[in-house]
file target-v4.txt (compact mmCIF, C-alpha atoms (C1' of nucleotides))
# COMPACT_ATOMS: atom_id res chain seq x y z
CA MET Z 123 72.57 -40.92 -44.87
CA VAL Z 124 73.83 -37.59 -43.63
CA THR Z 125 71.47 -35.71 -45.92
CA ALA Z 126 68.43 -37.74 -44.93
CA ALA Z 127 69.26 -37.40 -41.26
CA LYS Z 128 69.65 -33.64 -41.60
CA LEU Z 129 66.33 -33.27 -43.38
CA GLY Z 130 64.48 -35.19 -40.72
CA GLN Z 131 66.26 -33.32 -37.99
CA THR Z 132 65.37 -29.90 -39.35
CA ALA Z 133 61.67 -30.69 -39.25
CA ALA Z 134 62.06 -32.18 -35.79
CA LEU Z 135 63.90 -29.08 -34.59
CA TYR Z 136 61.18 -26.68 -35.74
CA ARG Z 137 59.46 -25.50 -32.58
CA LEU Z 138 56.35 -23.47 -33.32
CA ASP Z 139 56.40 -21.96 -29.85
CA ALA Z 140 59.83 -20.46 -30.50
CA GLN Z 141 58.93 -18.74 -33.81
CA ILE Z 142 58.65 -14.97 -33.60
CA GLY Z 143 55.57 -14.95 -35.84
CA PHE Z 144 53.61 -17.28 -33.59
CA ILE Z 145 54.51 -15.33 -30.46
CA LEU Z 146 53.69 -12.03 -32.17
CA ARG Z 147 50.29 -13.41 -33.13
CA ARG Z 148 49.49 -14.53 -29.58
CA ALA Z 149 50.60 -11.20 -28.11
CA THR Z 150 48.44 -9.39 -30.65
CA GLN Z 151 45.49 -11.63 -29.78
CA ARG Z 152 45.68 -10.73 -26.11
CA HIS Z 153 45.93 -7.05 -26.96
CA LEU Z 154 42.93 -7.25 -29.32
CA ALA Z 155 40.88 -8.98 -26.63
CA ILE Z 156 41.67 -6.19 -24.16
CA PHE Z 157 40.89 -3.55 -26.80
CA ALA Z 158 37.56 -5.12 -27.77
CA ASP Z 159 36.61 -5.38 -24.12
CA ARG Z 160 37.42 -1.74 -23.26
CA ILE Z 161 36.47 -0.15 -26.60
CA PRO Z 162 33.68 -2.26 -28.13
CA GLU Z 163 32.45 0.62 -30.28
CA LEU Z 164 35.58 0.82 -32.46
CA THR Z 165 38.25 -1.45 -33.93
CA PRO Z 166 41.92 -0.58 -33.42
CA GLN Z 167 42.16 0.43 -37.07
CA GLN Z 168 39.16 2.73 -36.80
CA LEU Z 169 40.64 4.40 -33.70
CA ALA Z 170 43.96 4.74 -35.53
CA VAL Z 171 42.20 6.64 -38.34
CA LEU Z 172 40.44 8.94 -35.89
CA ALA Z 173 43.74 9.52 -34.07
CA ARG Z 174 45.64 10.48 -37.23
CA LEU Z 175 42.86 12.78 -38.41
CA HIS Z 176 42.82 14.40 -34.97
CA GLU Z 177 46.58 14.77 -35.08
CA LEU Z 178 47.11 15.81 -38.70
CA GLY Z 179 43.77 17.25 -39.83
CA ALA Z 180 42.16 16.37 -43.17
CA LEU Z 181 43.95 13.72 -45.25
CA SER Z 182 43.27 11.90 -48.49
CA GLN Z 183 42.53 8.18 -48.25
CA ASN Z 184 45.96 7.21 -49.53
CA GLN Z 185 47.72 9.58 -47.12
CA LEU Z 186 45.61 8.14 -44.34
CA GLY Z 187 46.67 4.66 -45.36
CA ARG Z 188 50.34 5.55 -45.18
CA GLU Z 189 49.88 7.21 -41.78
CA THR Z 190 48.01 4.25 -40.31
CA ALA Z 191 50.00 1.43 -41.99
CA MET Z 192 47.11 0.16 -44.10
CA ASP Z 193 47.06 -0.39 -47.83
CA GLY Z 194 44.54 1.38 -50.07
CA ALA Z 195 42.03 -1.42 -50.24
CA THR Z 196 42.00 -1.84 -46.47
CA VAL Z 197 41.76 1.84 -45.61
CA LYS Z 198 38.82 2.20 -47.95
CA GLY Z 199 36.83 -0.36 -45.97
CA VAL Z 200 37.70 1.25 -42.66
CA VAL Z 201 36.81 4.74 -43.91
CA ASP Z 202 33.55 3.47 -45.43
CA ARG Z 203 32.47 2.10 -42.06
CA LEU Z 204 33.41 5.35 -40.30
CA LEU Z 205 31.49 7.29 -42.96
CA ALA Z 206 28.44 5.08 -42.45
CA ARG Z 207 28.53 6.03 -38.75
CA ALA Z 208 29.14 9.71 -39.53
CA LEU Z 209 32.36 9.76 -37.51
CA VAL Z 210 34.24 11.18 -40.49
CA VAL Z 211 33.27 13.32 -43.48
CA ALA Z 212 34.62 12.97 -47.02
CA GLU Z 213 34.69 15.49 -49.85
CA PRO Z 214 36.52 15.67 -53.18
CA ASP Z 215 39.76 17.64 -53.35
CA LEU Z 216 39.29 20.58 -55.72
CA ARG Z 217 43.00 20.81 -56.46
CA ASP Z 218 43.42 17.10 -57.26
CA ARG Z 219 40.27 15.48 -58.55
CA ARG Z 220 41.58 11.96 -57.90
CA ARG Z 221 41.62 12.58 -54.17
CA LEU Z 222 38.92 12.10 -51.58
CA VAL Z 223 39.73 14.20 -48.54
CA VAL Z 224 38.61 12.74 -45.20
CA ARG Z 225 38.28 14.65 -41.94
CA LEU Z 226 36.78 14.19 -38.46
CA SER Z 227 33.12 15.07 -38.01
CA ARG Z 228 31.97 16.76 -34.81
CA GLU Z 229 30.80 13.36 -33.51
CA GLY Z 230 34.09 11.77 -34.52
CA ARG Z 231 36.07 14.40 -32.67
CA ALA Z 232 33.87 14.02 -29.58
CA LEU Z 233 34.24 10.23 -29.66
CA PHE Z 234 38.01 10.43 -29.99
CA ASP Z 235 38.20 12.96 -27.15
CA ALA Z 236 36.26 10.50 -25.01
CA LEU Z 237 38.25 7.41 -26.05
CA ALA Z 238 41.84 8.69 -26.13
CA GLU Z 239 42.19 8.14 -22.40
CA VAL Z 240 40.72 4.64 -22.65
CA GLY Z 241 43.09 3.86 -25.52
CA ILE Z 242 46.05 4.73 -23.35
CA ALA Z 243 44.61 2.51 -20.61
CA VAL Z 244 44.33 -0.36 -23.12
CA SER Z 245 48.02 -0.03 -23.94
CA ALA Z 246 48.85 0.05 -20.23
CA GLU Z 247 46.79 -3.06 -19.53
CA THR Z 248 48.44 -4.89 -22.44
CA LEU Z 249 51.84 -4.07 -20.97
CA ALA Z 250 50.77 -4.72 -17.39
CA PRO Z 251 52.83 -7.94 -17.03
CA LEU Z 252 56.01 -5.89 -17.61
CA ASP Z 253 57.81 -3.40 -15.39
CA GLU Z 254 58.68 0.08 -16.62
CA ASP Z 255 62.11 -0.89 -17.96
CA GLU Z 256 60.75 -3.91 -19.79
CA ARG Z 257 58.01 -1.82 -21.42
CA ARG Z 258 60.49 0.64 -22.84
CA THR Z 259 62.70 -2.21 -24.03
CA LEU Z 260 59.83 -4.05 -25.71
CA LEU Z 261 58.63 -0.96 -27.57
CA ARG Z 262 62.17 -0.18 -28.68
CA LEU Z 263 62.88 -3.71 -29.96
CA LEU Z 264 59.51 -4.01 -31.71
CA GLU Z 265 60.12 -0.66 -33.38
CA LYS Z 266 63.46 -1.96 -34.64
CA ILE Z 267 61.91 -4.95 -36.40
CA ALA Z 268 58.81 -3.08 -37.65
CA MET H 82 37.54 24.82 -16.86
CA VAL H 83 39.84 22.27 -15.32
CA THR H 84 37.67 19.43 -16.64
CA ALA H 85 37.51 20.82 -20.16
CA ALA H 86 41.23 21.40 -20.22
CA LYS H 87 41.94 17.85 -19.07
CA LEU H 88 39.66 16.34 -21.68
CA GLY H 89 41.30 18.23 -24.50
CA GLN H 90 44.75 17.41 -23.20
CA THR H 91 44.16 13.68 -23.07
CA ALA H 92 43.20 13.56 -26.75
CA ALA H 93 46.18 15.77 -27.60
CA LEU H 94 48.50 13.46 -25.64
CA TYR H 95 47.41 10.32 -27.46
CA ARG H 96 50.28 9.36 -29.74
CA LEU H 97 49.39 6.53 -32.08
CA ASP H 98 53.07 5.78 -32.73
CA ALA H 99 53.60 5.06 -29.03
CA GLN H 100 50.73 2.58 -28.65
CA ILE H 101 51.79 -1.04 -28.28
CA GLY H 102 48.97 -2.23 -30.54
CA PHE H 103 50.06 -0.07 -33.45
CA ILE H 104 53.71 -1.11 -33.12
CA LEU H 105 52.72 -4.78 -32.80
CA ARG H 106 50.70 -4.47 -35.99
CA ARG H 107 53.58 -2.94 -37.94
CA ALA H 108 56.04 -5.56 -36.69
CA THR H 109 53.59 -8.29 -37.68
CA GLN H 110 53.19 -6.72 -41.12
CA ARG H 111 56.91 -6.83 -41.79
CA HIS H 112 57.07 -10.44 -40.63
CA LEU H 113 54.12 -11.44 -42.81
CA ALA H 114 55.75 -9.80 -45.83
CA ILE H 115 58.95 -11.81 -45.24
CA PHE H 116 56.94 -15.00 -44.75
CA ALA H 117 54.86 -14.50 -47.90
CA ASP H 118 58.04 -13.82 -49.87
CA ARG H 119 59.93 -16.91 -48.65
CA ILE H 120 56.96 -19.30 -48.31
CA PRO H 121 54.36 -18.28 -50.92
CA GLU H 122 52.77 -21.74 -50.93
CA LEU H 123 51.48 -21.56 -47.34
CA THR H 124 50.15 -19.01 -44.87
CA PRO H 125 51.67 -18.83 -41.38
CA GLN H 126 48.52 -20.40 -39.96
CA GLN H 127 48.67 -23.29 -42.41
CA LEU H 128 52.33 -23.92 -41.54
CA ALA H 129 51.44 -23.77 -37.84
CA VAL H 130 48.84 -26.53 -38.36
CA LEU H 131 51.32 -28.71 -40.25
CA ALA H 132 53.93 -28.10 -37.52
CA ARG H 133 51.60 -29.12 -34.70
CA LEU H 134 50.43 -32.22 -36.54
CA HIS H 135 54.05 -33.13 -37.20
CA GLU H 136 54.88 -32.55 -33.56
CA LEU H 137 51.85 -34.08 -31.87
CA GLY H 138 50.37 -36.49 -34.42
CA ALA H 139 46.66 -36.68 -35.18
CA LEU H 140 44.45 -34.09 -33.45
CA SER H 141 40.79 -33.16 -33.56
CA GLN H 142 39.93 -29.77 -35.04
CA ASN H 143 39.27 -28.22 -31.66
CA GLN H 144 42.49 -29.58 -30.19
CA LEU H 145 44.31 -28.22 -33.22
CA GLY H 146 42.73 -24.83 -32.64
CA ARG H 147 43.94 -24.73 -29.05
CA GLU H 148 47.45 -25.79 -30.07
CA THR H 149 47.71 -23.17 -32.82
CA ALA H 150 45.89 -20.32 -31.03
CA MET H 151 42.94 -20.22 -33.43
CA ASP H 152 39.27 -20.39 -32.58
CA GLY H 153 37.01 -23.09 -33.98
CA ALA H 154 35.61 -21.09 -36.86
CA THR H 155 39.07 -20.01 -37.99
CA VAL H 156 40.72 -23.41 -37.73
CA LYS H 157 37.94 -24.93 -39.78
CA GLY H 158 38.71 -22.63 -42.70
CA VAL H 159 42.44 -23.33 -42.47
CA VAL H 160 41.92 -27.11 -42.27
CA ASP H 161 39.44 -27.01 -45.17
CA ARG H 162 42.04 -25.34 -47.39
CA LEU H 163 44.69 -27.87 -46.35
CA LEU H 164 42.23 -30.70 -47.06
CA ALA H 165 41.48 -29.27 -50.49
CA ARG H 166 45.22 -29.46 -51.25
CA ALA H 167 45.52 -32.96 -49.74
CA LEU H 168 48.19 -31.81 -47.25
CA VAL H 169 46.14 -33.25 -44.39
CA VAL H 170 43.62 -36.08 -44.06
CA ALA H 171 40.49 -36.08 -41.89
CA GLU H 172 38.47 -38.99 -40.56
CA PRO H 173 35.79 -39.34 -37.89
CA ASP H 174 36.81 -40.43 -34.40
CA LEU H 175 35.21 -43.79 -33.62
CA ARG H 176 35.35 -43.21 -29.89
CA ASP H 177 33.80 -39.72 -30.01
CA ARG H 178 31.53 -39.23 -32.96
CA ARG H 179 31.54 -35.45 -32.58
CA ARG H 180 35.21 -35.31 -33.44
CA LEU H 181 36.94 -35.04 -36.78
CA VAL H 182 40.51 -36.24 -36.44
CA VAL H 183 43.06 -34.52 -38.67
CA ARG H 184 46.53 -35.81 -39.51
CA LEU H 185 49.34 -35.10 -41.98
CA SER H 186 49.17 -36.75 -45.37
CA ARG H 187 52.34 -38.05 -47.00
CA GLU H 188 52.47 -34.88 -49.11
CA GLY H 189 51.87 -32.73 -46.05
CA ARG H 190 54.71 -34.38 -44.17
CA ALA H 191 57.03 -34.01 -47.17
CA LEU H 192 56.12 -30.33 -47.54
CA PHE H 193 56.71 -29.64 -43.87
CA ASP H 194 60.05 -31.46 -43.98
CA ALA H 195 61.02 -29.20 -46.88
CA LEU H 196 59.72 -25.96 -45.33
CA ALA H 197 60.76 -26.29 -41.68
CA GLU H 198 64.24 -24.98 -42.48
CA VAL H 199 62.81 -22.07 -44.46
CA GLY H 200 60.46 -21.27 -41.60
CA ILE H 201 63.39 -20.95 -39.24
CA ALA H 202 65.09 -18.69 -41.79
CA VAL H 203 61.96 -16.50 -41.92
CA SER H 204 62.12 -16.05 -38.15
CA ALA H 205 65.81 -15.22 -38.39
CA GLU H 206 65.23 -12.65 -41.11
CA THR H 207 62.43 -11.04 -39.12
CA LEU H 208 64.80 -10.70 -36.16
CA ALA H 209 67.77 -9.68 -38.30
CA PRO H 210 67.78 -6.04 -37.07
CA LEU H 211 68.47 -7.30 -33.53
CA ASP H 212 71.59 -8.81 -31.99
CA GLU H 213 71.48 -12.14 -30.17
CA ASP H 214 70.78 -10.61 -26.75
CA GLU H 215 68.00 -8.44 -28.09
CA ARG H 216 66.35 -11.40 -29.83
CA ARG H 217 66.19 -13.40 -26.63
CA THR H 218 64.88 -10.37 -24.76
CA LEU H 219 62.19 -9.63 -27.34
CA LEU H 220 60.93 -13.22 -27.36
CA ARG H 221 60.88 -13.29 -23.56
CA LEU H 222 58.98 -10.01 -23.20
CA LEU H 223 56.47 -10.88 -25.94
CA GLU H 224 55.86 -14.23 -24.29
CA LYS H 225 55.12 -12.42 -21.02
CA ILE H 226 52.39 -10.29 -22.56
CA ALA H 227 50.94 -13.06 -24.77
C1' DC I 154 52.61 20.93 -76.05
C1' DG I 155 52.37 15.92 -75.52
C1' DC I 156 52.93 11.76 -73.59
C1' DA I 157 55.03 8.06 -70.39
C1' DG I 158 54.91 7.00 -65.82
C1' DA I 159 53.13 7.75 -61.28
C1' DT I 160 49.26 8.34 -58.09
C1' DC I 161 44.53 7.77 -56.45
C1' DG I 162 40.43 5.44 -55.53
C1' DT I 163 37.92 1.30 -56.47
C1' DT I 164 36.70 -3.54 -57.15
C1' DT I 165 37.49 -8.47 -56.88
C1' DG I 166 39.31 -12.57 -54.84
C1' DC I 167 41.32 -14.98 -51.18
C1' DA I 168 42.56 -15.76 -46.23
C1' DC I 169 42.32 -15.02 -41.48
C1' DA I 170 39.73 -13.73 -36.92
C1' DC I 171 36.12 -13.79 -33.73
C1' DA I 172 31.19 -13.46 -31.91
C1' DA I 173 26.92 -15.67 -31.93
C1' DA I 174 23.84 -19.24 -32.67
C1' DC I 175 22.96 -24.01 -33.68
C1' DA I 176 22.63 -29.35 -33.76
C1' DA I 177 24.70 -33.52 -32.54
C1' DA I 178 27.11 -36.07 -29.30
C1' DT I 179 29.08 -36.76 -24.87
C1' DG I 180 29.60 -36.31 -19.94
C1' DT I 181 27.76 -35.31 -15.13
C1' DG I 182 25.06 -35.15 -11.03
C1' DC I 183 21.48 -36.59 -8.54
C1' DG U 259 18.57 -43.47 -15.82
C1' DC U 260 17.70 -39.05 -16.98
C1' DA U 261 17.57 -33.90 -17.09
C1' DC U 262 21.31 -30.71 -17.71
C1' DA U 263 25.71 -28.78 -18.90
C1' DT U 264 29.65 -29.20 -21.88
C1' DT U 265 32.14 -30.21 -25.99
C1' DT U 266 32.56 -30.35 -30.94
C1' DG U 267 31.93 -28.96 -35.45
C1' DT U 268 29.41 -25.81 -38.44
C1' DT U 269 27.33 -21.62 -40.38
C1' DT U 270 26.59 -16.68 -40.67
C1' DG U 271 27.93 -11.96 -40.25
C1' DT U 272 31.29 -8.38 -39.71
C1' DG U 273 35.94 -6.53 -40.13
C1' DT U 274 40.55 -6.51 -41.38
C1' DG U 275 44.64 -7.40 -44.84
C1' DC U 276 46.87 -7.75 -49.18
C1' DA U 277 47.58 -8.75 -54.30
C1' DA U 278 46.09 -7.64 -58.74
C1' DA U 279 43.83 -5.12 -62.09
C1' DC U 280 41.34 -1.08 -63.63
C1' DG U 281 39.95 3.84 -65.09
C1' DA U 282 40.66 8.55 -64.03
C1' DT U 283 43.81 11.95 -63.10
C1' DC U 284 48.08 14.27 -62.43
C1' DT U 285 53.14 15.21 -63.14
C1' DG U 286 57.47 15.59 -65.16
C1' DC U 287 60.31 15.41 -68.92
C1' DG U 288 61.50 16.14 -73.42
call {"tool": "encode", "arguments": {"input": "target-v4.txt", "output": "structure tokens"}}
result
Amino acid sequence: MVTAAKLGQTAALYRLDAQIGFILRRATQRHLAIFADRIPELTPQQLAVLARLHELGALSQNQLGRETAMDGATVKGVVDRLLARALVVAEPDLRDRRRLVVRLSREGRALFDALAEVGIAVSAETLAPLDEDERRTLLRLLEKIA
Amino acid sequence: MVTAAKLGQTAALYRLDAQIGFILRRATQRHLAIFADRIPELTPQQLAVLARLHELGALSQNQLGRETAMDGATVKGVVDRLLARALVVAEPDLRDRRRLVVRLSREGRALFDALAEVGIAVSAETLAPLDEDERRTLLRLLEKIA
DNA sequence: CGCAGATCGTTTGCACACAAACAAATGTGC
DNA sequence: GCACATTTGTTTGTGTGCAAACGATCTGCG
């Protein structure tokens, strides 16, 4: 009796709205909607690649994946689409023939220069419901669980 | 000169690691890894559908989408996969012939009863790096921006 | 030197996620 | 009652996201 009651109760006590994963997903959805509205020409992942290349210079695909938190298969797709739009350039590494070194093209650099400011505005708009203290707190706590 | 300097500076000031979208994505990645490890038989979206059906009873696909924060095209794919595994049952609504009413099957209810406790543990493990105060704060702030 | 293990890029398969367009059914206003 | 808008489910196309497996290459260790 106790066991059966406990089993039923656990399912009854599960509140989807209180699960961190569900809330994370909804927060991400709102952010993605803002991003797509302000920066329709790039996805967040594509901008992340441009940002890292701007910041760190030429990187191999795998390095780029580690820097942008994408696995190899995913980063390949993102880089392929940037290559197709000539926003990045790829060439084989002479020192390590497994590697494909990717770097910003002139157009890619110009686009990032133009969009960096908008990207910061997207972050600000996402955090608009919070005051300055809350923003710092949220970023700090998210970083701790990331 | 001033304009050129400002343009260059904005791009140089863009720090990917400080953008809320990038941090949200990394936090979500860690949570998804924990979820996949503890609950390999379901995706978070599939569990969310089972949870809402458990909580609210039979729902049409569109209602289900609104309750689980998925658009129509996405919820259809999720429901199709649950139907294929006989975890849910679908039947036409007699009162509104556009609607396809979805409800838990006996197996679906049993699976949710078994997994609800694990789902709560997944949330706890995701939040493990935080103390009790920080967990409440994080959920509250995320809810505000969602 | 030689080879076991690691790394790199790639492909395949599966699962979201959303925009856009569509047909069927329902609801509304006049 | 009837044109018109809305809702619902569906399909297509594009873009992540990750696991698994693969060949090519590199590296370290004996």
call {"tool": "residues_near_point", "arguments": {"input": "target-v4.txt", "point": "(54.9, -32.9, -39.9)", "cutoff": "8 Å", "atoms": "all atoms listed in the file", "output": "PyMOL selection string"}}
result
(chain Z and resi 133) or (chain H and resi 131-136+138+185+189-191+193-194)
call {"tool": "calpha_fit_and_write", "arguments": {"input": "target-v4.txt", "fixed": "chain H", "moving": "chain Z", "output": "tab-separated table (two decimals) with C-alpha atoms, in the coordinates of the input"}}
result
chain	number	residue	atom	x	y	z
Z	123	MET	CA	37.86	24.90	-16.92
Z	124	VAL	CA	40.14	22.28	-15.45
Z	125	THR	CA	37.91	19.48	-16.69
Z	126	ALA	CA	37.65	20.85	-20.21
Z	127	ALA	CA	41.38	21.43	-20.38
Z	128	LYS	CA	42.08	17.88	-19.21
Z	129	LEU	CA	39.74	16.38	-21.77
Z	130	GLY	CA	41.35	18.25	-24.61
Z	131	GLN	CA	44.79	17.43	-23.34
Z	132	THR	CA	44.15	13.70	-23.16
Z	133	ALA	CA	43.20	13.56	-26.82
Z	134	ALA	CA	46.19	15.73	-27.69
Z	135	LEU	CA	48.50	13.46	-25.70
Z	136	TYR	CA	47.39	10.30	-27.49
Z	137	ARG	CA	50.27	9.35	-29.77
Z	138	LEU	CA	49.36	6.51	-32.11
Z	139	ASP	CA	53.02	5.75	-32.74
Z	140	ALA	CA	53.55	5.04	-29.04
Z	141	GLN	CA	50.66	2.56	-28.65
Z	142	ILE	CA	51.72	-1.05	-28.26
Z	143	GLY	CA	48.92	-2.25	-30.54
Z	144	PHE	CA	50.01	-0.09	-33.45
Z	145	ILE	CA	53.65	-1.13	-33.10
Z	146	LEU	CA	52.67	-4.80	-32.77
Z	147	ARG	CA	50.65	-4.50	-35.97
Z	148	ARG	CA	53.54	-2.96	-37.92
Z	149	ALA	CA	55.99	-5.58	-36.65
Z	150	THR	CA	53.56	-8.31	-37.64
Z	151	GLN	CA	53.15	-6.74	-41.09
Z	152	ARG	CA	56.88	-6.85	-41.75
Z	153	HIS	CA	57.04	-10.45	-40.59
Z	154	LEU	CA	54.09	-11.45	-42.80
Z	155	ALA	CA	55.73	-9.80	-45.80
Z	156	ILE	CA	58.92	-11.79	-45.21
Z	157	PHE	CA	56.91	-14.99	-44.72
Z	158	ALA	CA	54.85	-14.50	-47.89
Z	159	ASP	CA	58.01	-13.79	-49.84
Z	160	ARG	CA	59.90	-16.89	-48.63
Z	161	ILE	CA	56.93	-19.27	-48.30
Z	162	PRO	CA	54.34	-18.24	-50.90
Z	163	GLU	CA	52.74	-21.69	-50.92
Z	164	LEU	CA	51.45	-21.52	-47.33
Z	165	THR	CA	50.11	-18.99	-44.84
Z	166	PRO	CA	51.64	-18.81	-41.36
Z	167	GLN	CA	48.51	-20.41	-39.93
Z	168	GLN	CA	48.65	-23.28	-42.40
Z	169	LEU	CA	52.31	-23.91	-41.55
Z	170	ALA	CA	51.43	-23.77	-37.85
Z	171	VAL	CA	48.85	-26.54	-38.37
Z	172	LEU	CA	51.33	-28.69	-40.27
Z	173	ALA	CA	53.93	-28.09	-37.56
Z	174	ARG	CA	51.62	-29.13	-34.71
Z	175	LEU	CA	50.45	-32.23	-36.57
Z	176	HIS	CA	54.08	-33.12	-37.25
Z	177	GLU	CA	54.92	-32.57	-33.61
Z	178	LEU	CA	51.89	-34.12	-31.91
Z	179	GLY	CA	50.42	-36.52	-34.48
Z	180	ALA	CA	46.69	-36.71	-35.23
Z	181	LEU	CA	44.48	-34.15	-33.47
Z	182	SER	CA	40.83	-33.20	-33.56
Z	183	GLN	CA	39.97	-29.80	-35.03
Z	184	ASN	CA	39.30	-28.28	-31.62
Z	185	GLN	CA	42.56	-29.64	-30.18
Z	186	LEU	CA	44.34	-28.26	-33.21
Z	187	GLY	CA	42.76	-24.89	-32.59
Z	188	ARG	CA	43.99	-24.80	-29.01
Z	189	GLU	CA	47.49	-25.84	-30.07
Z	190	THR	CA	47.72	-23.21	-32.80
Z	191	ALA	CA	45.90	-20.36	-30.99
Z	192	MET	CA	42.94	-20.26	-33.37
Z	193	ASP	CA	39.28	-20.46	-32.49
Z	194	GLY	CA	37.03	-23.19	-33.91
Z	195	ALA	CA	35.61	-21.18	-36.76
Z	196	THR	CA	39.05	-20.07	-37.91
Z	197	VAL	CA	40.72	-23.46	-37.68
Z	198	LYS	CA	37.93	-24.97	-39.73
Z	199	GLY	CA	38.72	-22.65	-42.64
Z	200	VAL	CA	42.43	-23.34	-42.43
Z	201	VAL	CA	41.91	-27.12	-42.27
Z	202	ASP	CA	39.42	-27.00	-45.16
Z	203	ARG	CA	42.02	-25.32	-47.37
Z	204	LEU	CA	44.69	-27.85	-46.35
Z	205	LEU	CA	42.23	-30.67	-47.06
Z	206	ALA	CA	41.47	-29.22	-50.49
Z	207	ARG	CA	45.21	-29.40	-51.25
Z	208	ALA	CA	45.52	-32.90	-49.77
Z	209	LEU	CA	48.17	-31.77	-47.28
Z	210	VAL	CA	46.14	-33.22	-44.42
Z	211	VAL	CA	43.63	-36.06	-44.10
Z	212	ALA	CA	40.51	-36.07	-41.92
Z	213	GLU	CA	38.48	-38.98	-40.59
Z	214	PRO	CA	35.81	-39.33	-37.91
Z	215	ASP	CA	36.87	-40.44	-34.44
Z	216	LEU	CA	35.26	-43.80	-33.67
Z	217	ARG	CA	35.46	-43.25	-29.93
Z	218	ASP	CA	33.88	-39.77	-30.01
Z	219	ARG	CA	31.55	-39.25	-32.93
Z	220	ARG	CA	31.59	-35.46	-32.54
Z	221	ARG	CA	35.27	-35.33	-33.42
Z	222	LEU	CA	36.98	-35.05	-36.77
Z	223	VAL	CA	40.55	-36.27	-36.45
Z	224	VAL	CA	43.08	-34.52	-38.70
Z	225	ARG	CA	46.54	-35.80	-39.56
Z	226	LEU	CA	49.37	-35.07	-42.02
Z	227	SER	CA	49.18	-36.72	-45.43
Z	228	ARG	CA	52.35	-38.01	-47.08
Z	229	GLU	CA	52.47	-34.82	-49.18
Z	230	GLY	CA	51.87	-32.69	-46.10
Z	231	ARG	CA	54.71	-34.35	-44.25
Z	232	ALA	CA	57.03	-33.94	-47.25
Z	233	LEU	CA	56.10	-30.27	-47.59
Z	234	PHE	CA	56.70	-29.59	-43.91
Z	235	ASP	CA	60.04	-31.41	-44.04
Z	236	ALA	CA	61.01	-29.14	-46.93
Z	237	LEU	CA	59.72	-25.91	-45.35
Z	238	ALA	CA	60.78	-26.26	-41.70
Z	239	GLU	CA	64.23	-24.95	-42.51
Z	240	VAL	CA	62.80	-22.03	-44.48
Z	241	GLY	CA	60.44	-21.25	-41.60
Z	242	ILE	CA	63.38	-20.93	-39.25
Z	243	ALA	CA	65.08	-18.66	-41.78
Z	244	VAL	CA	61.95	-16.48	-41.89
Z	245	SER	CA	62.09	-16.04	-38.13
Z	246	ALA	CA	65.80	-15.21	-38.36
Z	247	GLU	CA	65.22	-12.62	-41.08
Z	248	THR	CA	62.40	-11.03	-39.07
Z	249	LEU	CA	64.76	-10.69	-36.11
Z	250	ALA	CA	67.73	-9.66	-38.23
Z	251	PRO	CA	67.74	-6.02	-37.00
Z	252	LEU	CA	68.42	-7.30	-33.46
Z	253	ASP	CA	71.54	-8.80	-31.91
Z	254	GLU	CA	71.44	-12.13	-30.09
Z	255	ASP	CA	70.71	-10.62	-26.67
Z	256	GLU	CA	67.94	-8.43	-28.01
Z	257	ARG	CA	66.29	-11.40	-29.75
Z	258	ARG	CA	66.13	-13.40	-26.56
Z	259	THR	CA	64.80	-10.37	-24.68
Z	260	LEU	CA	62.12	-9.65	-27.27
Z	261	LEU	CA	60.85	-13.23	-27.30
Z	262	ARG	CA	60.80	-13.31	-23.51
Z	263	LEU	CA	58.89	-10.02	-23.16
Z	264	LEU	CA	56.40	-10.90	-25.90
Z	265	GLU	CA	55.79	-14.25	-24.23
Z	266	LYS	CA	55.04	-12.43	-20.98
Z	267	ILE	CA	52.30	-10.30	-22.52
Z	268	ALA	CA	50.88	-13.08	-24.74
call {"tool": "residues_around", "arguments": {"input": "target-v4.txt", "residues": "DA172 in chain I", "least_positions_apart": "3", "cutoff": "12 Å", "atoms": "all atoms listed in the file", "output": "PyMOL selection string"}}
result
(chain Z and resi 155+158) or (chain H and resi 152-155) or (chain U and resi 270-273)
call {"tool": "residues_around", "arguments": {"input": "target-v4.txt", "residues": "Ala167 in chain H", "least_positions_apart": "5", "cutoff": "10 Å", "atoms": "only C-alpha atoms (C1' of nucleotides)", "output": "ChimeraX atom specification"}}
result
/H:161-162,185-189
call {"tool": "axis_aligned_box", "arguments": {"input": "target-v4.txt", "around": "range 203-214 of chain H", "padding_each_side": "8 Å", "output": "AutoDock Vina command-line options"}}
result
--center_x 66.8 --center_y -11.3 --center_z -34.3 --size_x 25.6 --size_y 26.5 --size_z 31.2
call {"tool": "interface_residues", "arguments": {"input": "target-v4.txt", "of": "chain H", "to": "chain I", "cutoff": "9 Å", "atoms": "only C-alpha atoms (C1' of nucleotides)", "output": "ChimeraX atom specification"}}
result
/H:124,126,151-152,154-155,158-159,177-179
call {"tool": "write_last_selection", "arguments": {"input": "target-v4.txt", "atoms": "C-alpha atoms", "output": "compact mmCIF listing (two decimals), keeping the file's coordinate frame"}}
result
# COMPACT_ATOMS: atom_id res chain seq x y z
CA THR H 124 50.15 -19.01 -44.87
CA GLN H 126 48.52 -20.40 -39.96
CA MET H 151 42.94 -20.22 -33.43
CA ASP H 152 39.27 -20.39 -32.58
CA ALA H 154 35.61 -21.09 -36.86
CA THR H 155 39.07 -20.01 -37.99
CA GLY H 158 38.71 -22.63 -42.70
CA VAL H 159 42.44 -23.33 -42.47
CA ASP H 177 33.80 -39.72 -30.01
CA ARG H 178 31.53 -39.23 -32.96
CA ARG H 179 31.54 -35.45 -32.58
call {"tool": "residues_around", "arguments": {"input": "target-v4.txt", "residues": "Gln142 in chain H", "least_positions_apart": "5", "cutoff": "9 Å", "atoms": "only C-alpha atoms (C1' of nucleotides)", "output": "list in words"}}
result
Arg147, Gly153, Val156, Lys157, Val160, Arg180, Leu181, Val182 and Val183 of chain H; DT266 and DG267 of chain U
